[in-house]
Structures are given as C-alpha cells and as structure tokens.
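Q: Take a look at the following structure, please.
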Amino acid sequence: MGKGGGCVPSKKRPPAVDSGNAPVTIGSPTNAVESQTRENEVPIVTVTKLKILIVFYSMYGHVETLARRMKKGVDGVDGVEAVLVRVPETLPEDVLAQMRAPAKDDEIVEISSVHELELADVFLFGFPTRYGSMAAQMKAFFDSTGQLWRDPKLAGKPAGFFVSTGTQGGGQETTAWTAITQLAHHGMLFVPIGYTFGANMFKMDSIRGGTPYGAGVFAGDGTREPSETELALAEHQGKYMAGVVKKLTRV
C-alpha cells in the first residue's frame with residue numbers, strides 16, 4: 001500500500017511497550033474514568049473500591065458485634081469495602097467503671113476528625129438507644145459535624161442505621177427513625193432495608209432484634225449476646241447497602 005495508507009504496519013516499527021502513563025482510576029464516587037493512552041498502547045487500570053464507613057458507638061459490645069458482622073457483608077461484595085470506626089467516648093473512666101463497661105478494643109480506631117466522613121461514599125451508623133433515641137455519645141458526634149453541614153459535604157450520600165436496645169419495647173424502631181433528622185439536615189439519603197431479609201423478618205419463634213429500618217439486637221441487661229439471626233441480618237444489611245451504592249454510582 002502507498003505511503004500514508006496506515007493499514008499495514010511497517011516491518012521496521014518497534015513493538016509497542018508500556019509508556020508508564022498515569023493509571024486509569026475507576027470507582028470514585030462518580031465512577032469517572034480518565035484515559036491518556038496512545039495508539040497501540042494497553043491502558044493500565046487501577047480499580048478503587050467504593051468505601052462504606054461503619055461509624056458506631058458501643059458501650060457493652062453489642063453494637064460493635066453487629067458492626068463487625070456488617071463489615072463482613074460489605075466486604076463480600078466486589079468493588080466495595082467497609083471500614084470500622086468508633087466515635088469518641090464522652091463519659092469519664094470512673095463512670096464507665098461503675099457501669100461495668102468493658103474496655104474498648106484497640107483494633108478498631110476512634111475516628112479522629114469528622115472530616116474523615118468526606119472520604120466515604122456511604123455510611124452505616126450504629127448506636128444503642130437511650131429512651132428511644134440515639135445514645136448521647138453518637139449525638140455529640142453528629143453535633144460536631146456543623147462545618148460539614150454548612151458547606152455541605154455530605155449531601156446526597158446514602159446512609160443507614162443499626163441499633164441495640166435493652167428490651168423488646170425499648171426503641172428498635174424509634175431509635176432509628178428519630179435519627180433520620182440528622183441525615184435530613186445534611187441532605188443525606190436514608191436507606192432502610194425494608195423486608196429484603198425475606199422470611200427471617202417474619203419469624204416469631206424466637207426473640208430477634210432488627211426492623212425494616214435496619215439491623216438490631218436485644219441486649220437485655222447487657223449479658224445477652226446477639227443471636228445468629230440478628231447477626232445474619234446485620235451481615236445482610238452490609239451486603240444490601242453495598243449493592244445499593246453500586247447501583248447509585250453506575251454510569
């Protein structure tokens with residue numbers, strides 16, 4: 001073929017090699033894809049996982065147990081990962097000792113700044129009830145997010161709740177729905193689980209925490225441990241939320 005035809009490559013042309021171009025980023029909150037490849041070059045693709053931040057307060061460990069199982073559900077979904085963080089304690093050590101609260105597990109770090117929330121795509125907030133609404137420690141954390149509300153940095157981001165109560169009438173639903181006001185003022189999207197847990201949502205043969213608002217556990221006097229059904233619901237919520245965020249970020 002004549003000069004400039006471009007259909008048959010020159011026999012003297014060296015083989016294409018990796019030019020070291022910048023990686024293509026996939027999986028940001030907008031799933032934007034950038035490419036700067038040249039002809040005959042294979043792009044280098046770096047996949048960035050969507051991040052679900054599981055933020056919780058747990059005095060006796062019940063909410064933490066749900067959070068750990070919830071992370072398992074999230075991490076089982078391709079392209080999504082969960083990070084566990086706890087909110088700061090507001091009670092002094094001597095008061096916690098009198099309440100016989102166990103020491104916090106150092107394996108899960110305390111969130112250092114509310115600005116860490118800006119780096120997450122989705123949130124799952126967990127807390128015990130205090131008279132039908134969230135514990136003061138979690139409320140204090142939300143109260144400290146004023147700058148994120150003003151800017152606003154969290155608007156449009158999905159979030160869900162999971163809770164712990166002492167009794168069957170102790171606020172499994174009210175603790176979650178009274179917390180929705182926090183999301184509303186930030187412009188966030190509340191994502192309940194509904195009845196997506198299937199037949200397990202209708203079983204009446206055993207005590208089970210959890211509602212259409214989110215996973216839950218009955219702590220009793222503090223000695224009752226979460227049942228396998230309660231833990232399975234927490235894992236389901238993590239998996240469900242991971243699926244939701246993947247749908248919302250699809251372009």
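Chain lettering (A, B, ...) mirrors the order of the structure tokens, residue numbering begins at 1 for each chain separately, and ligand numbering begins at 1 in order of display.
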Give me the residues near A:Phe127 as a PyMOL selection string, where near means some atom within 8 Å (using only C-alpha atoms) and where sequence neighbours in that chain fewer than 4 positions away do not count.
A: chain A and resi 56-58+63+134-135+138+162-164
Q: Residues at most 10 Å from A:Asp121, counting only C-alpha atoms, excluding those fewer than 2 positions away in the same chain, as number ranges by chain?
A: A: 28-30, 49-53, 80, 117-119, 123, 154, 156-159, 245, 249
Q: If you keep all heavy atoms, can you produce a file of those selected residues as a compact mmCIF listing (two decimals), in the first residue's frame?
A:
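Result file follows (result09.txt):
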```txt
# COMPACT_ATOMS: atom_id res chain seq x y z
N SER A 28 -14.43 5.91 41.74
CA SER A 28 -14.61 7.09 42.56
C SER A 28 -16.10 7.30 42.76
O SER A 28 -16.91 6.63 42.12
CB SER A 28 -13.99 8.31 41.87
OG SER A 28 -14.67 8.57 40.67
N PRO A 29 -16.53 8.25 43.65
CA PRO A 29 -17.96 8.43 43.87
C PRO A 29 -18.75 8.68 42.60
O PRO A 29 -19.94 8.43 42.55
CB PRO A 29 -18.00 9.64 44.81
CG PRO A 29 -16.73 9.52 45.59
CD PRO A 29 -15.72 8.98 44.61
N THR A 30 -18.11 9.19 41.56
CA THR A 30 -18.82 9.45 40.31
C THR A 30 -18.48 8.43 39.25
O THR A 30 -18.95 8.50 38.12
CB THR A 30 -18.47 10.86 39.77
OG1 THR A 30 -17.06 10.97 39.62
CG2 THR A 30 -18.96 11.93 40.74
N LYS A 49 -11.92 0.84 45.17
CA LYS A 49 -13.16 0.35 45.73
C LYS A 49 -13.98 1.47 46.35
O LYS A 49 -13.45 2.43 46.89
CB LYS A 49 -12.87 -0.72 46.79
CG LYS A 49 -12.31 -2.01 46.24
CD LYS A 49 -12.19 -3.05 47.33
CE LYS A 49 -11.70 -4.39 46.78
NZ LYS A 49 -11.61 -5.42 47.84
N LEU A 50 -15.30 1.32 46.25
CA LEU A 50 -16.20 2.23 46.94
C LEU A 50 -16.08 1.97 48.44
O LEU A 50 -15.93 0.83 48.88
CB LEU A 50 -17.64 2.00 46.48
CG LEU A 50 -17.92 2.35 45.02
CD1 LEU A 50 -19.22 1.69 44.56
CD2 LEU A 50 -17.99 3.84 44.82
N LYS A 51 -16.16 3.03 49.23
CA LYS A 51 -15.89 2.94 50.66
C LYS A 51 -17.16 3.17 51.48
O LYS A 51 -17.80 4.20 51.36
CB LYS A 51 -14.83 3.95 51.07
CG LYS A 51 -14.46 3.93 52.55
CD LYS A 51 -13.38 4.95 52.82
CE LYS A 51 -12.99 4.98 54.30
NZ LYS A 51 -11.94 6.00 54.57
N ILE A 52 -17.50 2.17 52.30
CA ILE A 52 -18.59 2.32 53.26
C ILE A 52 -17.98 2.46 54.64
O ILE A 52 -17.25 1.58 55.10
CB ILE A 52 -19.56 1.11 53.22
CG1 ILE A 52 -20.27 1.05 51.87
CG2 ILE A 52 -20.57 1.21 54.36
CD1 ILE A 52 -21.29 -0.08 51.76
N LEU A 53 -18.27 3.57 55.29
CA LEU A 53 -17.73 3.83 56.63
C LEU A 53 -18.79 3.40 57.65
O LEU A 53 -19.91 3.93 57.65
CB LEU A 53 -17.40 5.31 56.79
CG LEU A 53 -16.48 5.70 57.95
CD1 LEU A 53 -15.11 5.04 57.81
CD2 LEU A 53 -16.32 7.22 58.02
N VAL A 80 -16.46 -3.05 46.67
CA VAL A 80 -16.86 -2.25 47.83
C VAL A 80 -16.10 -2.76 49.06
O VAL A 80 -15.88 -3.96 49.21
CB VAL A 80 -18.38 -2.36 48.10
CG1 VAL A 80 -18.80 -1.36 49.17
CG2 VAL A 80 -19.17 -2.13 46.82
N LEU A 117 -15.34 11.78 57.29
CA LEU A 117 -16.59 11.41 56.64
C LEU A 117 -16.61 11.82 55.17
O LEU A 117 -17.28 11.19 54.35
CB LEU A 117 -17.78 12.06 57.36
CG LEU A 117 -17.98 11.71 58.83
CD1 LEU A 117 -19.19 12.45 59.39
CD2 LEU A 117 -18.14 10.21 59.02
N GLU A 118 -15.88 12.87 54.83
CA GLU A 118 -15.86 13.36 53.45
C GLU A 118 -15.27 12.33 52.49
O GLU A 118 -15.56 12.35 51.30
CB GLU A 118 -15.05 14.65 53.36
CG GLU A 118 -15.60 15.81 54.19
CD GLU A 118 -14.73 17.05 54.07
OE1 GLU A 118 -14.33 17.38 52.93
OE2 GLU A 118 -14.44 17.68 55.10
N LEU A 119 -14.44 11.42 53.00
CA LEU A 119 -13.74 10.47 52.15
C LEU A 119 -14.56 9.22 51.86
O LEU A 119 -14.15 8.40 51.04
CB LEU A 119 -12.41 10.07 52.81
CG LEU A 119 -11.47 11.23 53.17
CD1 LEU A 119 -10.23 10.70 53.87
CD2 LEU A 119 -11.09 12.03 51.93
N PHE A 123 -22.52 5.48 54.42
CA PHE A 123 -22.34 5.34 55.86
C PHE A 123 -23.35 4.36 56.45
O PHE A 123 -24.50 4.29 56.02
CB PHE A 123 -22.51 6.69 56.56
CG PHE A 123 -21.62 7.77 56.02
CD1 PHE A 123 -22.08 8.63 55.03
CD2 PHE A 123 -20.33 7.90 56.47
CE1 PHE A 123 -21.27 9.61 54.51
CE2 PHE A 123 -19.50 8.88 55.95
CZ PHE A 123 -19.96 9.74 54.97
N LEU A 154 -21.73 16.36 52.93
CA LEU A 154 -22.32 15.02 52.97
C LEU A 154 -23.61 14.90 52.18
O LEU A 154 -24.20 13.83 52.10
CB LEU A 154 -22.58 14.61 54.43
CG LEU A 154 -21.38 14.67 55.38
CD1 LEU A 154 -21.78 14.21 56.77
CD2 LEU A 154 -20.23 13.82 54.84
N GLY A 156 -26.37 14.20 49.62
CA GLY A 156 -26.50 13.22 48.56
C GLY A 156 -25.90 11.86 48.86
O GLY A 156 -26.05 10.94 48.07
N LYS A 157 -25.22 11.73 49.99
CA LYS A 157 -24.60 10.44 50.32
C LYS A 157 -25.58 9.54 51.07
O LYS A 157 -26.27 9.99 51.99
CB LYS A 157 -23.33 10.65 51.16
CG LYS A 157 -22.22 11.37 50.40
CD LYS A 157 -20.92 11.35 51.17
CE LYS A 157 -19.79 11.98 50.35
NZ LYS A 157 -18.46 11.85 51.00
N PRO A 158 -25.65 8.25 50.71
CA PRO A 158 -26.57 7.33 51.37
C PRO A 158 -26.08 6.94 52.77
O PRO A 158 -24.89 6.90 53.03
CB PRO A 158 -26.59 6.11 50.44
CG PRO A 158 -25.95 6.57 49.17
CD PRO A 158 -24.98 7.64 49.55
N ALA A 159 -27.03 6.61 53.64
CA ALA A 159 -26.69 6.18 54.99
C ALA A 159 -27.79 5.29 55.55
O ALA A 159 -28.96 5.41 55.17
CB ALA A 159 -26.47 7.37 55.91
N VAL A 245 -25.14 1.09 46.82
CA VAL A 245 -24.16 2.10 46.41
C VAL A 245 -23.60 1.79 45.02
O VAL A 245 -23.31 2.70 44.24
CB VAL A 245 -23.03 2.25 47.45
CG1 VAL A 245 -22.16 1.03 47.51
CG2 VAL A 245 -22.18 3.48 47.14
N THR A 249 -23.89 4.49 41.86
CA THR A 249 -22.68 5.03 41.23
C THR A 249 -22.50 4.51 39.80
O THR A 249 -21.52 4.83 39.14
CB THR A 249 -21.43 4.66 42.03
OG1 THR A 249 -21.37 3.24 42.21
CG2 THR A 249 -21.47 5.34 43.40
```
Q: Any chance you could list, as a PyMOL selection string, the residues in stretch 33-190 of chain A that come up strand (DSSP E or B) when DSSP is run on the backbone?
A: chain A and resi 45-47+50-56+80-86+110+122-130+133-134+158-165+189-190
Q: Using N, CA, C and O atoms, can you export the residues from the last selection as a compact mmCIF listing (two decimals), in the first residue's frame?
A:
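out_27.txt was written with the following content:
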```
# COMPACT_ATOMS: atom_id res chain seq x y z
N VAL A 45 -5.06 -0.14 34.31
CA VAL A 45 -6.31 0.13 35.02
C VAL A 45 -6.14 -0.14 36.51
O VAL A 45 -5.72 -1.22 36.90
N THR A 46 -6.43 0.86 37.31
CA THR A 46 -6.42 0.71 38.75
C THR A 46 -7.84 0.85 39.26
O THR A 46 -8.50 1.84 39.00
N VAL A 47 -8.33 -0.17 39.97
CA VAL A 47 -9.69 -0.15 40.47
C VAL A 47 -9.70 0.35 41.92
O VAL A 47 -9.04 -0.23 42.78
N LEU A 50 -15.30 1.32 46.25
CA LEU A 50 -16.20 2.23 46.94
C LEU A 50 -16.08 1.97 48.44
O LEU A 50 -15.93 0.83 48.88
N LYS A 51 -16.16 3.03 49.23
CA LYS A 51 -15.89 2.94 50.66
C LYS A 51 -17.16 3.17 51.48
O LYS A 51 -17.80 4.20 51.36
N ILE A 52 -17.50 2.17 52.30
CA ILE A 52 -18.59 2.32 53.26
C ILE A 52 -17.98 2.46 54.64
O ILE A 52 -17.25 1.58 55.10
N LEU A 53 -18.27 3.57 55.29
CA LEU A 53 -17.73 3.83 56.63
C LEU A 53 -18.79 3.40 57.65
O LEU A 53 -19.91 3.93 57.65
N ILE A 54 -18.43 2.43 58.48
CA ILE A 54 -19.32 1.97 59.55
C ILE A 54 -18.91 2.69 60.83
O ILE A 54 -17.88 2.38 61.43
N VAL A 55 -19.71 3.66 61.21
CA VAL A 55 -19.42 4.52 62.35
C VAL A 55 -20.34 4.12 63.49
O VAL A 55 -21.57 4.13 63.33
N PHE A 56 -19.78 3.79 64.66
CA PHE A 56 -20.65 3.29 65.72
C PHE A 56 -20.18 3.72 67.11
O PHE A 56 -19.03 4.10 67.31
N VAL A 80 -16.46 -3.05 46.67
CA VAL A 80 -16.86 -2.25 47.83
C VAL A 80 -16.10 -2.76 49.06
O VAL A 80 -15.88 -3.96 49.21
N GLU A 81 -15.70 -1.84 49.92
CA GLU A 81 -15.03 -2.23 51.16
C GLU A 81 -15.58 -1.41 52.32
O GLU A 81 -16.05 -0.29 52.13
N ALA A 82 -15.54 -1.99 53.51
CA ALA A 82 -16.03 -1.32 54.71
C ALA A 82 -14.88 -1.02 55.65
O ALA A 82 -13.93 -1.79 55.75
N VAL A 83 -14.99 0.10 56.34
CA VAL A 83 -14.02 0.49 57.35
C VAL A 83 -14.77 0.76 58.65
O VAL A 83 -15.77 1.49 58.66
N LEU A 84 -14.31 0.15 59.74
CA LEU A 84 -14.94 0.33 61.04
C LEU A 84 -14.24 1.43 61.83
O LEU A 84 -13.01 1.46 61.94
N VAL A 85 -15.04 2.34 62.38
CA VAL A 85 -14.51 3.38 63.29
C VAL A 85 -15.52 3.60 64.40
O VAL A 85 -16.72 3.45 64.19
N ARG A 86 -15.01 3.93 65.58
CA ARG A 86 -15.90 4.23 66.69
C ARG A 86 -15.85 5.73 67.00
O ARG A 86 -14.84 6.40 66.76
N GLU A 110 -10.62 4.99 66.94
CA GLU A 110 -11.59 6.06 67.15
C GLU A 110 -11.43 7.08 66.02
O GLU A 110 -10.32 7.43 65.65
N VAL A 122 -20.51 6.03 51.45
CA VAL A 122 -21.74 5.61 52.12
C VAL A 122 -21.45 5.42 53.61
O VAL A 122 -20.29 5.21 53.99
N PHE A 123 -22.52 5.48 54.42
CA PHE A 123 -22.34 5.34 55.86
C PHE A 123 -23.35 4.36 56.45
O PHE A 123 -24.50 4.29 56.02
N LEU A 124 -22.91 3.63 57.46
CA LEU A 124 -23.79 2.85 58.31
C LEU A 124 -23.48 3.27 59.74
O LEU A 124 -22.36 3.09 60.23
N PHE A 125 -24.45 3.88 60.40
CA PHE A 125 -24.27 4.39 61.75
C PHE A 125 -24.96 3.44 62.75
O PHE A 125 -26.13 3.11 62.59
N GLY A 126 -24.21 3.03 63.77
CA GLY A 126 -24.75 2.13 64.77
C GLY A 126 -24.64 2.71 66.17
O GLY A 126 -23.63 3.32 66.51
N PHE A 127 -25.68 2.50 66.99
CA PHE A 127 -25.69 3.07 68.34
C PHE A 127 -26.76 2.39 69.19
O PHE A 127 -27.76 1.88 68.67
N PRO A 128 -26.55 2.37 70.51
CA PRO A 128 -27.59 1.88 71.41
C PRO A 128 -28.64 2.96 71.65
O PRO A 128 -28.41 4.14 71.34
N THR A 129 -29.76 2.55 72.20
CA THR A 129 -30.83 3.50 72.49
C THR A 129 -30.68 4.10 73.89
O THR A 129 -30.13 3.48 74.79
N ARG A 130 -31.17 5.30 74.01
CA ARG A 130 -31.33 5.94 75.32
C ARG A 130 -32.71 6.59 75.31
O ARG A 130 -32.91 7.63 74.68
N SER A 133 -34.10 7.06 71.64
CA SER A 133 -33.30 7.77 70.64
C SER A 133 -31.83 7.42 70.83
O SER A 133 -31.47 6.72 71.77
N MET A 134 -30.98 7.91 69.94
CA MET A 134 -29.57 7.52 69.97
C MET A 134 -28.87 7.94 71.25
O MET A 134 -29.23 8.94 71.90
N PRO A 158 -25.65 8.25 50.71
CA PRO A 158 -26.57 7.33 51.37
C PRO A 158 -26.08 6.94 52.77
O PRO A 158 -24.89 6.90 53.03
N ALA A 159 -27.03 6.61 53.64
CA ALA A 159 -26.69 6.18 54.99
C ALA A 159 -27.79 5.29 55.55
O ALA A 159 -28.96 5.41 55.17
N GLY A 160 -27.42 4.40 56.46
CA GLY A 160 -28.37 3.54 57.14
C GLY A 160 -28.02 3.44 58.61
O GLY A 160 -26.97 3.93 59.05
N PHE A 161 -28.92 2.81 59.39
CA PHE A 161 -28.74 2.70 60.83
C PHE A 161 -28.86 1.26 61.30
O PHE A 161 -29.54 0.43 60.69
N PHE A 162 -28.20 0.94 62.43
CA PHE A 162 -28.42 -0.29 63.16
C PHE A 162 -28.31 0.03 64.64
O PHE A 162 -27.58 0.95 65.03
N VAL A 163 -29.08 -0.68 65.47
CA VAL A 163 -29.25 -0.25 66.85
C VAL A 163 -29.19 -1.42 67.84
O VAL A 163 -29.23 -2.59 67.46
N SER A 164 -29.14 -1.05 69.11
CA SER A 164 -29.22 -2.01 70.21
C SER A 164 -30.17 -1.44 71.25
O SER A 164 -30.10 -0.25 71.58
N THR A 165 -31.07 -2.29 71.77
CA THR A 165 -31.98 -1.87 72.83
C THR A 165 -31.98 -2.91 73.93
O THR A 165 -31.64 -4.08 73.72
N LEU A 189 -29.19 10.62 52.15
CA LEU A 189 -30.25 9.73 51.71
C LEU A 189 -30.38 8.55 52.68
O LEU A 189 -29.44 7.77 52.82
N PHE A 190 -31.52 8.43 53.34
CA PHE A 190 -31.72 7.31 54.25
C PHE A 190 -32.08 6.06 53.46
O PHE A 190 -33.00 6.07 52.63
```
Q: Would you mind reading off the distance between atom CA of A:Leu183 and atom CA of A:Phe142, one decimal, in Å?
A: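 For atom CA of A:Leu183 relative to atom CA of A:Phe142, the distance reads 9.6 Å.
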Q: Please identify all polymer residues within 7 Å of A:Glu235, counting only C-alpha atoms, omitting same-chain residues fewer than 3 positions from it, and present them as a list in words.
A: Arg69, Met70, Lys72, Gly73, Leu231, Ala232, Gly238 and Lys239 of chain A
Q: Calculated over only C-alpha atoms, which of the candidates A:Ile207, A:Ala140, A:Ala176, A:Ala67 has the smallest distance to A:Glu89?
A: A:Ala140
